[in-house]
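K.L.:
Can you read through this structure? Questions will come right after.
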Amino acid sequence: MTRMAKGANTPVPAAPLRVAVCRRHVSGAPVVDASVLLLDADGKVRGDHDLVFYNQPTHPSGTVRHRGAVEGGGQIAEWLELDLPRIEPVVQRLVIAGSCEGGVFGQVPDLSLQTLTPDGATAAFYAVTDATTETAFVLGEFYRRDGGWKFRAVGQGYASGLAGLATDFGIAVEENAPAQPAVRQPQQPQQPQQPQQPQQPQQFQQPQPQPQPPQDAAPFSFGPEFPPAVRRGRGGDVLTVDAPGGRGPVVVEARSEGDGYFAVHTLDARNREDELLFNTTMPGFRGRALTHHPGDRALRLRVEADDDWTVVVQPVSTARHLSDGIQGTGPDVLVHRGAPADVDAAYFGDEDGDGCFALWCVEPALNSEGDIGDLLINETGALRHTVPLPDGPLVLRIEADGPWTLGVRPLPVSDPAADRAAGVRTGRGRALVTLTNPAPGRPALLDYTIQGDGAVFGYTVQILDEYGDGEQLLRGSQDGRCGRTLLFRNGESEVSLGVEDAADWRLGLHPVEEAPVLTGPVRGTGSEVFRYDGPPALLGVGRTTGDEGPLTTRTVQAHGRTVISADTCGRRRPAVGPLWVSGAGHCYVLVGAEDHTGWHIEPTGIQDVPVLGTTVSGTGYGVVHHPGPESDVMVTHEPRGGLDLLVVWALDERLEPVRRVSTGAGLQRLPSGFLQIRTSGRWTLGTGG
């Protein structure tokens with residue numbers, strides 16, 4: 001780490017850098033807002049677009065971005081991104097400044113600036129130790145030198161606040177009005193002050209690195225290009241924004257300062273409300289929405305608000321690029337230029353843990369008004385989903401009532417030699433595949449990615465015996481195009497698999513020790529394998545997505561026996577089943593679902609099992625405890641469809657299904673102990689006592 005004294009300078013890599021303006025989190029301390037000014041050879045901005053801050057977070061060139069604040073480890077860090085290799089040649093300096101709200105910089109604890117390289121290393125660290133009555137501050141600057149870039153720790157304050165700082169760099173700031181370029185004045189050279197010993201940097205939570213996408217030789221146009229248009233106001237208003245460059249998609253960014261009502265509509269050619277872009281009472285709301293510029297007339301927006309607001313209309317090209325670990329709060333617009341990938345979406349709910357989250361994929365090349373795109377996710381409440389994303393260029397629309405993150409997992413590119421060395425087999429179409437157990441005597445995990453060839457029930461994968469007879473392992477209509485299951489369940493040294501009705505497929509083996517341990521509630525998507533170590537328990541399973549596909553849980557013992565635990569039978573209603581363990585208190589849990597089906601599972605104690613006193617009722621799979629001696633019990637059943645049967649199984653003390661005791665309604669002789677109910681309809685057990 002390069003710790004710097006005031007006035008010192010150091011080379012920095014000509015690479016995409018992340019800059020954190022940090023302060024210790026102390027209740028009541030002033031709030032610091034970080035900003036970047038892009039200056040030419042005269043030390044002046046070219047216009048208000050050369051100021052990047054929270055209300056104007058992206059420079060039109062896309063090379064400088066304000067990423068917002070992150071809190072953690074007792075620190076607050078405002079993050080800025082500088083893509084130095086792509087900075088326009090006319091820009092000679094990037095000034096990192098800050099303004100102070102609710103006090104002066106002398107009251108800001110442990111103010112510092114830290115610069116990180118793409119691999120997370122610290123290129124420069126400067127701690128401010130001599131701030132007093134300043135209300136604006138230049139912490140440092142990046143400047144060109146000998147074909148490269150250097151950073152200087154400036155540490156110059158302005159008691160005249162943001163207006164004084166902005167005037168020095170060619171911006172005139174008027175109250176309640178956007179910053180505008182002013183008449184340029186000669187800049188006085190800054191005299192460096194005596195260096196002071198920097199403080200030890202504090203640790204804070206850093207966001208995940210966000211790699212910059214490669215630049216195409218001929219960049220794709222996501223819509224009209226124009227300088228961002230900024231409008232500010234309070235209360236209701238009607239805005240007219242002319243975005244030259246033709247019709248096409250544009251981004252509307254909005255910020256509401258208070259906690260009152262805030263909404264923005266577009267207006268059609270007849271001046272009527274058309275599309276609802278924002279509708280919220282979220283305190284301090286900030287969001288981005290995608291709309292369509294008509295081209296033959298100005299874009300018209302109606303604002304309804306109780307408090308101060310800012311609206312920015314800008315090109316889609318200024319939107320953030322989809323990258324691993326990207327995060328946000330509320331609605332947003334992203335662009336994707338890359339190859340097909342799987343996107344892991346996590347939504348954490350609103351302040352009540354609820355709210356909605358939706359993700360759309362839009363083809364910008366369609367350039368058509370009213371095209372809202374393909375809906376990938378649309379759910380209520382906290383969630384974790386994985387969805388497939390085609391290759392770009394694409395625009396992603398996010399609607400959310402709270403914080404979210406997106407992760408990107410590129411599809412694997414197969415190298416046949418490397419795959420075989422790593423135990424991975426690939427192919428296309430019908431095949432007979434022999435896999436060798438990496439640890440004979442133990443099971444192994446099988447990762448699969450299989451595309452069906454259009455058969456009604458999708459592909460099939462069977463385990464074949466020496467006579468060619470098969471036992472189904474996977475089916476496309478049940479297990480999806482990708483997921484994980486358990487192979488070598490009896491500890492075999494090798495197995496032969498028959499692949500049918502498949503296009504491209506990929507099979508990979510992993511040690512069973514890589515299976516995550518099930519200790520509490522878990523959310524996921526698609527088929528997965530868990531290891532459970534503990535006493536006999538119940539296992540609840542339910543959906544987090546709105547589909548009605550298969551969703552089951554099964555338990556597997558070390559000797560290979562596999563029994564069903566619970567089956568949702570294609571319903572939204574949760575189901576409950578036994579978590580059957582070995583004498584040593586161990587089993588594997590298989591979750592079976594299509595890759596787009598989201599689920600949650602949770603083990604609970606057997607003390608939660610309903611006790612059969614007089615009457616116990618339920619719907620779908622369940623477990624009941626019959627504490628008395630074997631007796632006659634009246635069983636009633638309301639089937640869900642003509643093929644829905646009710647089956648009752650007797651479980652032993654380890655919750656292993658040991659005997660089927662009933663297959664229908666009526667007066668049934670049921671044993672004492674734990675009983676499993678298997679059906680999709682409603683059922684009732686009554687003793688008549």
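Quick note on naming: the chains in the structure tokens go A, B, ... in the order shown, residues restart at 1 in each chain, and ligands are numbered from 1 in order of appearance.
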DSSP says strand (DSSP E) for which residues of segment 333-568 of chain A? Put them as a ChimeraX atom specification?

P.N.:
/A:333-336,341-347,356-362,374-380,383-389,394-400,403-410,424-428,431-436,444-452,460-464,470-475,482-487,494-500,502-511,522-525,528-533,537-543,551-556,562-567

K.L.:
Identify which of the residues A:Val108, A:Leu486, A:Leu334, A:Leu651 lies closest to Thr562 of chain A, counting only C-alpha atoms when measuring atom-to-atom distances.

P.N.:
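Looking only at the distances to Thr562 of chain A, the closest residue turns out to be A:Leu486.
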
K.L.:
Smallest atom-to-atom distance to Tyr588 of chain A: which of A:Leu359, A:Ala444, A:Ala341, A:Ala77, using only C-alpha atoms?

P.N.:
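Going through A:Leu359, A:Ala444, A:Ala341, A:Ala77 one by one, the smallest distance to Tyr588 of chain A is for A:Ala444.
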
K.L.:
Using atom CA of Gly585 of chain A and atom CA of Val616 of chain A as the two end points, give the distance in Å to one decimal.

P.N.:
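We find that atom CA of Gly585 of chain A and atom CA of Val616 of chain A lie 28.9 Å from each other.
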
K.L.:
With only C-alpha atoms as the counted atoms, please give the residues lying no more than 7 Å from Arg232 of chain A, apart from itself and same-chain residues fewer than 5 positions off, as a VMD selection string.

P.N.:
chain A and resid 309 to 311

K.L.:
Can you work out which one of A:Gly338, A:Pro410, A:Pro438, A:Pro603 has the shortest atom-to-atom distance to Val495 of chain A, counting only C-alpha atoms?

P.N.:
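Among the listed residues, A:Pro438 lies closest to Val495 of chain A.
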
K.L.:
Using only C-alpha atoms for the distances, tell me which of A:Glu134, A:Thr636, A:Leu435, A:Asp352 is nearest to Gly102 of chain A.

P.N.:
A:Glu134

K.L.:
Any idea what's packed within 12 Å of Arg572 of chain A, counting only C-alpha atoms, ignoring anything in its chain fewer than 3 positions away? Could you give it as a PDB file with all heavy atoms, in the first residue's frame?

P.N.:
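Below is the file that was written, out02.pdb:
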ATOM      1  N   VAL A 541     -40.503 -28.039   2.386  1.00  0.00           N
ATOM      2  CA  VAL A 541     -40.084 -27.582   1.063  1.00  0.00           C
ATOM      3  C   VAL A 541     -41.210 -26.750   0.462  1.00  0.00           C
ATOM      4  O   VAL A 541     -42.385 -27.102   0.578  1.00  0.00           O
ATOM      5  CB  VAL A 541     -39.721 -28.770   0.144  1.00  0.00           C
ATOM      6  CG1 VAL A 541     -40.871 -29.760   0.049  1.00  0.00           C
ATOM      7  CG2 VAL A 541     -39.324 -28.291  -1.240  1.00  0.00           C
ATOM      8  N   GLY A 542     -40.847 -25.626  -0.126  1.00  0.00           N
ATOM      9  CA  GLY A 542     -41.831 -24.761  -0.769  1.00  0.00           C
ATOM     10  C   GLY A 542     -41.203 -23.987  -1.910  1.00  0.00           C
ATOM     11  O   GLY A 542     -39.982 -23.961  -2.076  1.00  0.00           O
ATOM     12  N   ARG A 543     -42.029 -23.352  -2.711  1.00  0.00           N
ATOM     13  CA  ARG A 543     -41.558 -22.618  -3.893  1.00  0.00           C
ATOM     14  C   ARG A 543     -41.289 -21.156  -3.559  1.00  0.00           C
ATOM     15  O   ARG A 543     -41.933 -20.576  -2.693  1.00  0.00           O
ATOM     16  CB  ARG A 543     -42.612 -22.672  -5.010  1.00  0.00           C
ATOM     17  CG  ARG A 543     -42.927 -24.047  -5.500  1.00  0.00           C
ATOM     18  CD  ARG A 543     -44.052 -24.018  -6.531  1.00  0.00           C
ATOM     19  NE  ARG A 543     -44.454 -25.378  -6.822  1.00  0.00           N
ATOM     20  CZ  ARG A 543     -43.848 -26.166  -7.702  1.00  0.00           C
ATOM     21  NH1 ARG A 543     -42.837 -25.691  -8.397  1.00  0.00           N
ATOM     22  NH2 ARG A 543     -44.243 -27.399  -7.905  1.00  0.00           N
ATOM     23  N   THR A 544     -40.349 -20.585  -4.316  1.00  0.00           N
ATOM     24  CA  THR A 544     -40.150 -19.143  -4.298  1.00  0.00           C
ATOM     25  C   THR A 544     -40.426 -18.540  -5.660  1.00  0.00           C
ATOM     26  O   THR A 544     -40.246 -17.338  -5.850  1.00  0.00           O
ATOM     27  CB  THR A 544     -38.717 -18.792  -3.869  1.00  0.00           C
ATOM     28  OG1 THR A 544     -37.789 -19.391  -4.773  1.00  0.00           O
ATOM     29  CG2 THR A 544     -38.443 -19.292  -2.456  1.00  0.00           C
ATOM     30  N   THR A 545     -40.847 -19.354  -6.620  1.00  0.00           N
ATOM     31  CA  THR A 545     -41.232 -18.865  -7.943  1.00  0.00           C
ATOM     32  C   THR A 545     -42.669 -19.275  -8.212  1.00  0.00           C
ATOM     33  O   THR A 545     -43.223 -20.137  -7.535  1.00  0.00           O
ATOM     34  CB  THR A 545     -40.315 -19.426  -9.037  1.00  0.00           C
ATOM     35  OG1 THR A 545     -40.266 -20.852  -8.934  1.00  0.00           O
ATOM     36  CG2 THR A 545     -38.905 -18.873  -8.894  1.00  0.00           C
ATOM     37  N   GLY A 546     -43.255 -18.661  -9.245  1.00  0.00           N
ATOM     38  CA  GLY A 546     -44.674 -18.880  -9.508  1.00  0.00           C
ATOM     39  C   GLY A 546     -44.981 -20.036 -10.432  1.00  0.00           C
ATOM     40  O   GLY A 546     -46.134 -20.231 -10.791  1.00  0.00           O
ATOM     41  N   ASP A 547     -43.978 -20.804 -10.851  1.00  0.00           N
ATOM     42  CA  ASP A 547     -44.242 -21.895 -11.782  1.00  0.00           C
ATOM     43  C   ASP A 547     -44.895 -23.062 -11.055  1.00  0.00           C
ATOM     44  O   ASP A 547     -44.959 -23.114  -9.838  1.00  0.00           O
ATOM     45  CB  ASP A 547     -42.944 -22.352 -12.448  1.00  0.00           C
ATOM     46  CG  ASP A 547     -41.949 -22.890 -11.441  1.00  0.00           C
ATOM     47  OD1 ASP A 547     -41.824 -22.296 -10.358  1.00  0.00           O
ATOM     48  OD2 ASP A 547     -41.313 -23.908 -11.721  1.00  0.00           O
ATOM     49  N   GLU A 548     -45.370 -24.033 -11.823  1.00  0.00           N
ATOM     50  CA  GLU A 548     -46.037 -25.202 -11.250  1.00  0.00           C
ATOM     51  C   GLU A 548     -45.336 -26.488 -11.656  1.00  0.00           C
ATOM     52  O   GLU A 548     -45.945 -27.552 -11.735  1.00  0.00           O
ATOM     53  CB  GLU A 548     -47.509 -25.238 -11.673  1.00  0.00           C
ATOM     54  CG  GLU A 548     -48.306 -24.038 -11.189  1.00  0.00           C
ATOM     55  CD  GLU A 548     -49.760 -24.111 -11.582  1.00  0.00           C
ATOM     56  OE1 GLU A 548     -50.102 -25.016 -12.361  1.00  0.00           O
ATOM     57  OE2 GLU A 548     -50.543 -23.276 -11.103  1.00  0.00           O
ATOM     58  N   GLY A 549     -44.062 -26.411 -11.908  1.00  0.00           N
ATOM     59  CA  GLY A 549     -43.302 -27.593 -12.287  1.00  0.00           C
ATOM     60  C   GLY A 549     -43.016 -28.485 -11.102  1.00  0.00           C
ATOM     61  O   GLY A 549     -43.394 -28.209  -9.965  1.00  0.00           O
ATOM     62  N   PRO A 550     -42.313 -29.601 -11.333  1.00  0.00           N
ATOM     63  CA  PRO A 550     -42.013 -30.539 -10.258  1.00  0.00           C
ATOM     64  C   PRO A 550     -41.075 -29.932  -9.225  1.00  0.00           C
ATOM     65  O   PRO A 550     -40.190 -29.147  -9.555  1.00  0.00           O
ATOM     66  CB  PRO A 550     -41.350 -31.715 -10.994  1.00  0.00           C
ATOM     67  CG  PRO A 550     -40.824 -31.125 -12.265  1.00  0.00           C
ATOM     68  CD  PRO A 550     -41.781 -30.041 -12.633  1.00  0.00           C
ATOM     69  N   LEU A 551     -41.287 -30.292  -7.962  1.00  0.00           N
ATOM     70  CA  LEU A 551     -40.406 -29.904  -6.864  1.00  0.00           C
ATOM     71  C   LEU A 551     -40.519 -30.974  -5.789  1.00  0.00           C
ATOM     72  O   LEU A 551     -41.567 -31.124  -5.166  1.00  0.00           O
ATOM     73  CB  LEU A 551     -40.782 -28.534  -6.313  1.00  0.00           C
ATOM     74  CG  LEU A 551     -39.998 -28.071  -5.071  1.00  0.00           C
ATOM     75  CD1 LEU A 551     -38.504 -28.017  -5.355  1.00  0.00           C
ATOM     76  CD2 LEU A 551     -40.502 -26.712  -4.592  1.00  0.00           C
ATOM     77  N   ASP A 567     -43.210 -34.100  -1.805  1.00  0.00           N
ATOM     78  CA  ASP A 567     -43.479 -33.758  -3.197  1.00  0.00           C
ATOM     79  C   ASP A 567     -44.558 -32.684  -3.193  1.00  0.00           C
ATOM     80  O   ASP A 567     -45.622 -32.871  -2.596  1.00  0.00           O
ATOM     81  CB  ASP A 567     -43.959 -35.000  -3.955  1.00  0.00           C
ATOM     82  CG  ASP A 567     -44.032 -34.787  -5.462  1.00  0.00           C
ATOM     83  OD1 ASP A 567     -44.123 -33.622  -5.898  1.00  0.00           O
ATOM     84  OD2 ASP A 567     -44.006 -35.778  -6.204  1.00  0.00           O
ATOM     85  N   THR A 568     -44.272 -31.563  -3.835  1.00  0.00           N
ATOM     86  CA  THR A 568     -45.278 -30.500  -3.898  1.00  0.00           C
ATOM     87  C   THR A 568     -46.359 -30.791  -4.923  1.00  0.00           C
ATOM     88  O   THR A 568     -47.359 -30.063  -4.988  1.00  0.00           O
ATOM     89  CB  THR A 568     -44.622 -29.148  -4.247  1.00  0.00           C
ATOM     90  OG1 THR A 568     -44.006 -29.253  -5.527  1.00  0.00           O
ATOM     91  CG2 THR A 568     -43.586 -28.759  -3.199  1.00  0.00           C
ATOM     92  N   CYS A 569     -46.156 -31.816  -5.756  1.00  0.00           N
ATOM     93  CA  CYS A 569     -47.158 -32.227  -6.741  1.00  0.00           C
ATOM     94  C   CYS A 569     -47.572 -31.076  -7.652  1.00  0.00           C
ATOM     95  O   CYS A 569     -48.736 -30.964  -8.058  1.00  0.00           O
ATOM     96  CB  CYS A 569     -48.388 -32.816  -6.044  1.00  0.00           C
ATOM     97  SG  CYS A 569     -48.031 -34.227  -4.980  1.00  0.00           S
ATOM     98  N   ALA A 575     -44.872 -28.417   1.292  1.00  0.00           N
ATOM     99  CA  ALA A 575     -45.044 -29.805   1.724  1.00  0.00           C
ATOM    100  C   ALA A 575     -44.018 -30.117   2.812  1.00  0.00           C
ATOM    101  O   ALA A 575     -42.991 -29.441   2.934  1.00  0.00           O
ATOM    102  CB  ALA A 575     -44.874 -30.767   0.546  1.00  0.00           C
ATOM    103  N   THR A 597     -36.869 -23.222 -11.471  1.00  0.00           N
ATOM    104  CA  THR A 597     -37.761 -23.287 -10.313  1.00  0.00           C
ATOM    105  C   THR A 597     -37.000 -22.919  -9.047  1.00  0.00           C
ATOM    106  O   THR A 597     -36.027 -23.567  -8.679  1.00  0.00           O
ATOM    107  CB  THR A 597     -38.369 -24.690 -10.165  1.00  0.00           C
ATOM    108  OG1 THR A 597     -39.161 -24.991 -11.310  1.00  0.00           O
ATOM    109  CG2 THR A 597     -39.226 -24.778  -8.912  1.00  0.00           C
ATOM    110  N   GLY A 598     -37.445 -21.862  -8.374  1.00  0.00           N
ATOM    111  CA  GLY A 598     -36.844 -21.455  -7.108  1.00  0.00           C
ATOM    112  C   GLY A 598     -37.533 -22.145  -5.939  1.00  0.00           C
ATOM    113  O   GLY A 598     -38.742 -22.401  -5.973  1.00  0.00           O
ATOM    114  N   TRP A 599     -36.779 -22.439  -4.884  1.00  0.00           N
ATOM    115  CA  TRP A 599     -37.325 -23.189  -3.747  1.00  0.00           C
ATOM    116  C   TRP A 599     -36.653 -22.763  -2.456  1.00  0.00           C
ATOM    117  O   TRP A 599     -35.602 -22.111  -2.451  1.00  0.00           O
ATOM    118  CB  TRP A 599     -37.151 -24.696  -3.947  1.00  0.00           C
ATOM    119  CG  TRP A 599     -35.784 -25.116  -4.437  1.00  0.00           C
ATOM    120  CD1 TRP A 599     -35.436 -25.441  -5.715  1.00  0.00           C
ATOM    121  CD2 TRP A 599     -34.571 -25.219  -3.667  1.00  0.00           C
ATOM    122  NE1 TRP A 599     -34.107 -25.749  -5.799  1.00  0.00           N
ATOM    123  CE2 TRP A 599     -33.549 -25.635  -4.563  1.00  0.00           C
ATOM    124  CE3 TRP A 599     -34.255 -25.021  -2.339  1.00  0.00           C
ATOM    125  CZ2 TRP A 599     -32.230 -25.835  -4.139  1.00  0.00           C
ATOM    126  CZ3 TRP A 599     -32.937 -25.214  -1.904  1.00  0.00           C
ATOM    127  CH2 TRP A 599     -31.940 -25.619  -2.800  1.00  0.00           C
ATOM    128  N   HIS A 600     -37.275 -23.142  -1.360  1.00  0.00           N
ATOM    129  CA  HIS A 600     -36.637 -23.029  -0.047  1.00  0.00           C
ATOM    130  C   HIS A 600     -36.908 -24.325   0.707  1.00  0.00           C
ATOM    131  O   HIS A 600     -37.992 -24.922   0.589  1.00  0.00           O
ATOM    132  CB  HIS A 600     -37.159 -21.822   0.744  1.00  0.00           C
ATOM    133  CG  HIS A 600     -38.613 -21.915   1.124  1.00  0.00           C
ATOM    134  ND1 HIS A 600     -39.060 -22.532   2.270  1.00  0.00           N
ATOM    135  CD2 HIS A 600     -39.725 -21.472   0.488  1.00  0.00           C
ATOM    136  CE1 HIS A 600     -40.371 -22.468   2.331  1.00  0.00           C
ATOM    137  NE2 HIS A 600     -40.814 -21.828   1.257  1.00  0.00           N
ATOM    138  N   THR A 619     -53.131 -30.887   3.947  1.00  0.00           N
ATOM    139  CA  THR A 619     -53.195 -30.944   2.489  1.00  0.00           C
ATOM    140  C   THR A 619     -51.815 -31.272   1.957  1.00  0.00           C
ATOM    141  O   THR A 619     -50.840 -30.628   2.323  1.00  0.00           O
ATOM    142  CB  THR A 619     -53.675 -29.614   1.892  1.00  0.00           C
ATOM    143  OG1 THR A 619     -54.973 -29.306   2.413  1.00  0.00           O
ATOM    144  CG2 THR A 619     -53.732 -29.678   0.379  1.00  0.00           C
ATOM    145  N   GLY A 620     -51.748 -32.297   1.109  1.00  0.00           N
ATOM    146  CA  GLY A 620     -50.468 -32.671   0.541  1.00  0.00           C
ATOM    147  C   GLY A 620     -49.640 -33.513   1.495  1.00  0.00           C
ATOM    148  O   GLY A 620     -50.119 -34.019   2.518  1.00  0.00           O
ATOM    149  N   SER A 680     -51.654 -35.391  -2.853  1.00  0.00           N
ATOM    150  CA  SER A 680     -51.677 -33.966  -3.172  1.00  0.00           C
ATOM    151  C   SER A 680     -52.986 -33.327  -2.739  1.00  0.00           C
ATOM    152  O   SER A 680     -53.140 -32.113  -2.815  1.00  0.00           O
ATOM    153  CB  SER A 680     -51.475 -33.750  -4.677  1.00  0.00           C
ATOM    154  OG  SER A 680     -52.520 -34.367  -5.407  1.00  0.00           O
TER     155      SER A 680
END

K.L.:
One decimal, in Å: what's the spacing between atom CA of Ala41 of chain A and atom CA of Val95 of chain A?

P.N.:
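Distance between the two atoms: 12.9 Å.
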
K.L.:
Determine, counting only C-alpha atoms, which protein, DNA and RNA residues have an atom within 8 Å of an atom of Phe137 of chain A; residues of the same chain fewer than 4 positions away are not included. Present the result as a PDB file with all heavy atoms, in the first residue's frame.

P.N.:
ATOM      1  N   ALA A  97     -13.226  15.399  -5.374  1.00  0.00           N
ATOM      2  CA  ALA A  97     -13.616  16.423  -4.416  1.00  0.00           C
ATOM      3  C   ALA A  97     -14.760  15.917  -3.554  1.00  0.00           C
ATOM      4  O   ALA A  97     -15.349  14.856  -3.809  1.00  0.00           O
ATOM      5  CB  ALA A  97     -14.013  17.707  -5.142  1.00  0.00           C
ATOM      6  N   GLY A  98     -15.074  16.702  -2.531  1.00  0.00           N
ATOM      7  CA  GLY A  98     -16.186  16.360  -1.660  1.00  0.00           C
ATOM      8  C   GLY A  98     -16.807  17.607  -1.088  1.00  0.00           C
ATOM      9  O   GLY A  98     -16.141  18.637  -0.931  1.00  0.00           O
ATOM     10  N   SER A  99     -18.091  17.537  -0.802  1.00  0.00           N
ATOM     11  CA  SER A  99     -18.788  18.618  -0.117  1.00  0.00           C
ATOM     12  C   SER A  99     -19.350  18.063   1.185  1.00  0.00           C
ATOM     13  O   SER A  99     -19.633  16.865   1.306  1.00  0.00           O
ATOM     14  CB  SER A  99     -19.902  19.196  -0.982  1.00  0.00           C
ATOM     15  OG  SER A  99     -20.839  18.194  -1.342  1.00  0.00           O
ATOM     16  N   PHE A 105     -15.550  19.991   7.469  1.00  0.00           N
ATOM     17  CA  PHE A 105     -14.696  18.826   7.290  1.00  0.00           C
ATOM     18  C   PHE A 105     -13.844  18.526   8.518  1.00  0.00           C
ATOM     19  O   PHE A 105     -13.397  17.393   8.702  1.00  0.00           O
ATOM     20  CB  PHE A 105     -13.813  18.999   6.046  1.00  0.00           C
ATOM     21  CG  PHE A 105     -14.470  18.505   4.790  1.00  0.00           C
ATOM     22  CD1 PHE A 105     -15.143  19.382   3.960  1.00  0.00           C
ATOM     23  CD2 PHE A 105     -14.449  17.166   4.464  1.00  0.00           C
ATOM     24  CE1 PHE A 105     -15.769  18.934   2.806  1.00  0.00           C
ATOM     25  CE2 PHE A 105     -15.081  16.703   3.316  1.00  0.00           C
ATOM     26  CZ  PHE A 105     -15.742  17.586   2.484  1.00  0.00           C
ATOM     27  N   GLY A 155      -5.455  17.791  -0.808  1.00  0.00           N
ATOM     28  CA  GLY A 155      -5.805  18.229   0.537  1.00  0.00           C
ATOM     29  C   GLY A 155      -6.101  19.708   0.663  1.00  0.00           C
ATOM     30  O   GLY A 155      -5.731  20.332   1.659  1.00  0.00           O
ATOM     31  N   GLN A 156      -6.766  20.316  -0.310  1.00  0.00           N
ATOM     32  CA  GLN A 156      -7.096  21.745  -0.275  1.00  0.00           C
ATOM     33  C   GLN A 156      -8.562  21.927   0.031  1.00  0.00           C
ATOM     34  O   GLN A 156      -9.430  21.370  -0.641  1.00  0.00           O
ATOM     35  CB  GLN A 156      -6.760  22.417  -1.604  1.00  0.00           C
ATOM     36  CG  GLN A 156      -7.154  23.895  -1.640  1.00  0.00           C
ATOM     37  CD  GLN A 156      -6.863  24.526  -2.978  1.00  0.00           C
ATOM     38  OE1 GLN A 156      -6.170  23.945  -3.802  1.00  0.00           O
ATOM     39  NE2 GLN A 156      -7.394  25.718  -3.201  1.00  0.00           N
ATOM     40  N   GLY A 157      -8.862  22.750   1.047  1.00  0.00           N
ATOM     41  CA  GLY A 157     -10.232  22.973   1.448  1.00  0.00           C
ATOM     42  C   GLY A 157     -10.756  24.319   1.011  1.00  0.00           C
ATOM     43  O   GLY A 157      -9.995  25.232   0.662  1.00  0.00           O
ATOM     44  N   TYR A 158     -12.100  24.458   1.023  1.00  0.00           N
ATOM     45  CA  TYR A 158     -12.784  25.691   0.651  1.00  0.00           C
ATOM     46  C   TYR A 158     -13.798  26.023   1.734  1.00  0.00           C
ATOM     47  O   TYR A 158     -14.767  25.279   1.935  1.00  0.00           O
ATOM     48  CB  TYR A 158     -13.509  25.541  -0.683  1.00  0.00           C
ATOM     49  CG  TYR A 158     -12.603  25.394  -1.885  1.00  0.00           C
ATOM     50  CD1 TYR A 158     -11.966  24.184  -2.141  1.00  0.00           C
ATOM     51  CD2 TYR A 158     -12.393  26.451  -2.766  1.00  0.00           C
ATOM     52  CE1 TYR A 158     -11.140  24.036  -3.240  1.00  0.00           C
ATOM     53  CE2 TYR A 158     -11.573  26.311  -3.872  1.00  0.00           C
ATOM     54  CZ  TYR A 158     -10.943  25.104  -4.106  1.00  0.00           C
ATOM     55  OH  TYR A 158     -10.125  24.955  -5.192  1.00  0.00           O
ATOM     56  N   LEU A 165     -15.479  26.009  -4.604  1.00  0.00           N
ATOM     57  CA  LEU A 165     -14.718  24.970  -5.296  1.00  0.00           C
ATOM     58  C   LEU A 165     -15.101  24.924  -6.767  1.00  0.00           C
ATOM     59  O   LEU A 165     -14.243  24.885  -7.652  1.00  0.00           O
ATOM     60  CB  LEU A 165     -14.976  23.628  -4.625  1.00  0.00           C
ATOM     61  CG  LEU A 165     -14.259  22.396  -5.163  1.00  0.00           C
ATOM     62  CD1 LEU A 165     -14.074  21.368  -4.040  1.00  0.00           C
ATOM     63  CD2 LEU A 165     -15.037  21.721  -6.296  1.00  0.00           C
TER      64      LEU A 165
END

K.L.:
Could you name the residues that touch Leu474 of chain A at 9 Å or less, counting only C-alpha atoms, but leaving out those on the same chain fewer than 5 positions away, as an NGL selection string?

P.N.:
:A and (459-462 or 479-480 or 485)

K.L.:
How would you write, as a list in words, the set of residues in segment 367-603 of chain A that DSSP gives as alpha helix (DSSP H)?

P.N.:
Pro416, Ala417, Ala418, Asp419, Arg420, Ala421, Gly476, Ser477, Gln478 and Asp479 of chain A

K.L.:
Using only C-alpha atoms, determine which residues lie at most 10 Å from segment 276-291 of chain A, disregarding the query and same-chain residues fewer than 5 positions distant; provide the list as a VMD selection string.

P.N.:
chain A and resid 54 to 55 248 to 267 299 301 to 306 309 to 313 315 to 316 319 328 to 334 350 to 351 362 369 to 372 395 to 402

K.L.:
Considering only C-alpha atoms, can you say which of A:Val230, A:Leu497, A:Leu579, A:Leu473 comes closest to Leu432 of chain A?

P.N.:
A:Leu497

K.L.:
Have a look at A:Arg272, A:Arg247, A:Arg86, A:Arg640 and name the one nearest to Asp296 of chain A; count only C-alpha atoms.

P.N.:
A:Arg247

K.L.:
Please compute the atom CA of Thr129 of chain A-atom CA of Arg144 of chain A distance, one decimal, in Å.

P.N.:
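Distance between the two atoms: 26.6 Å.
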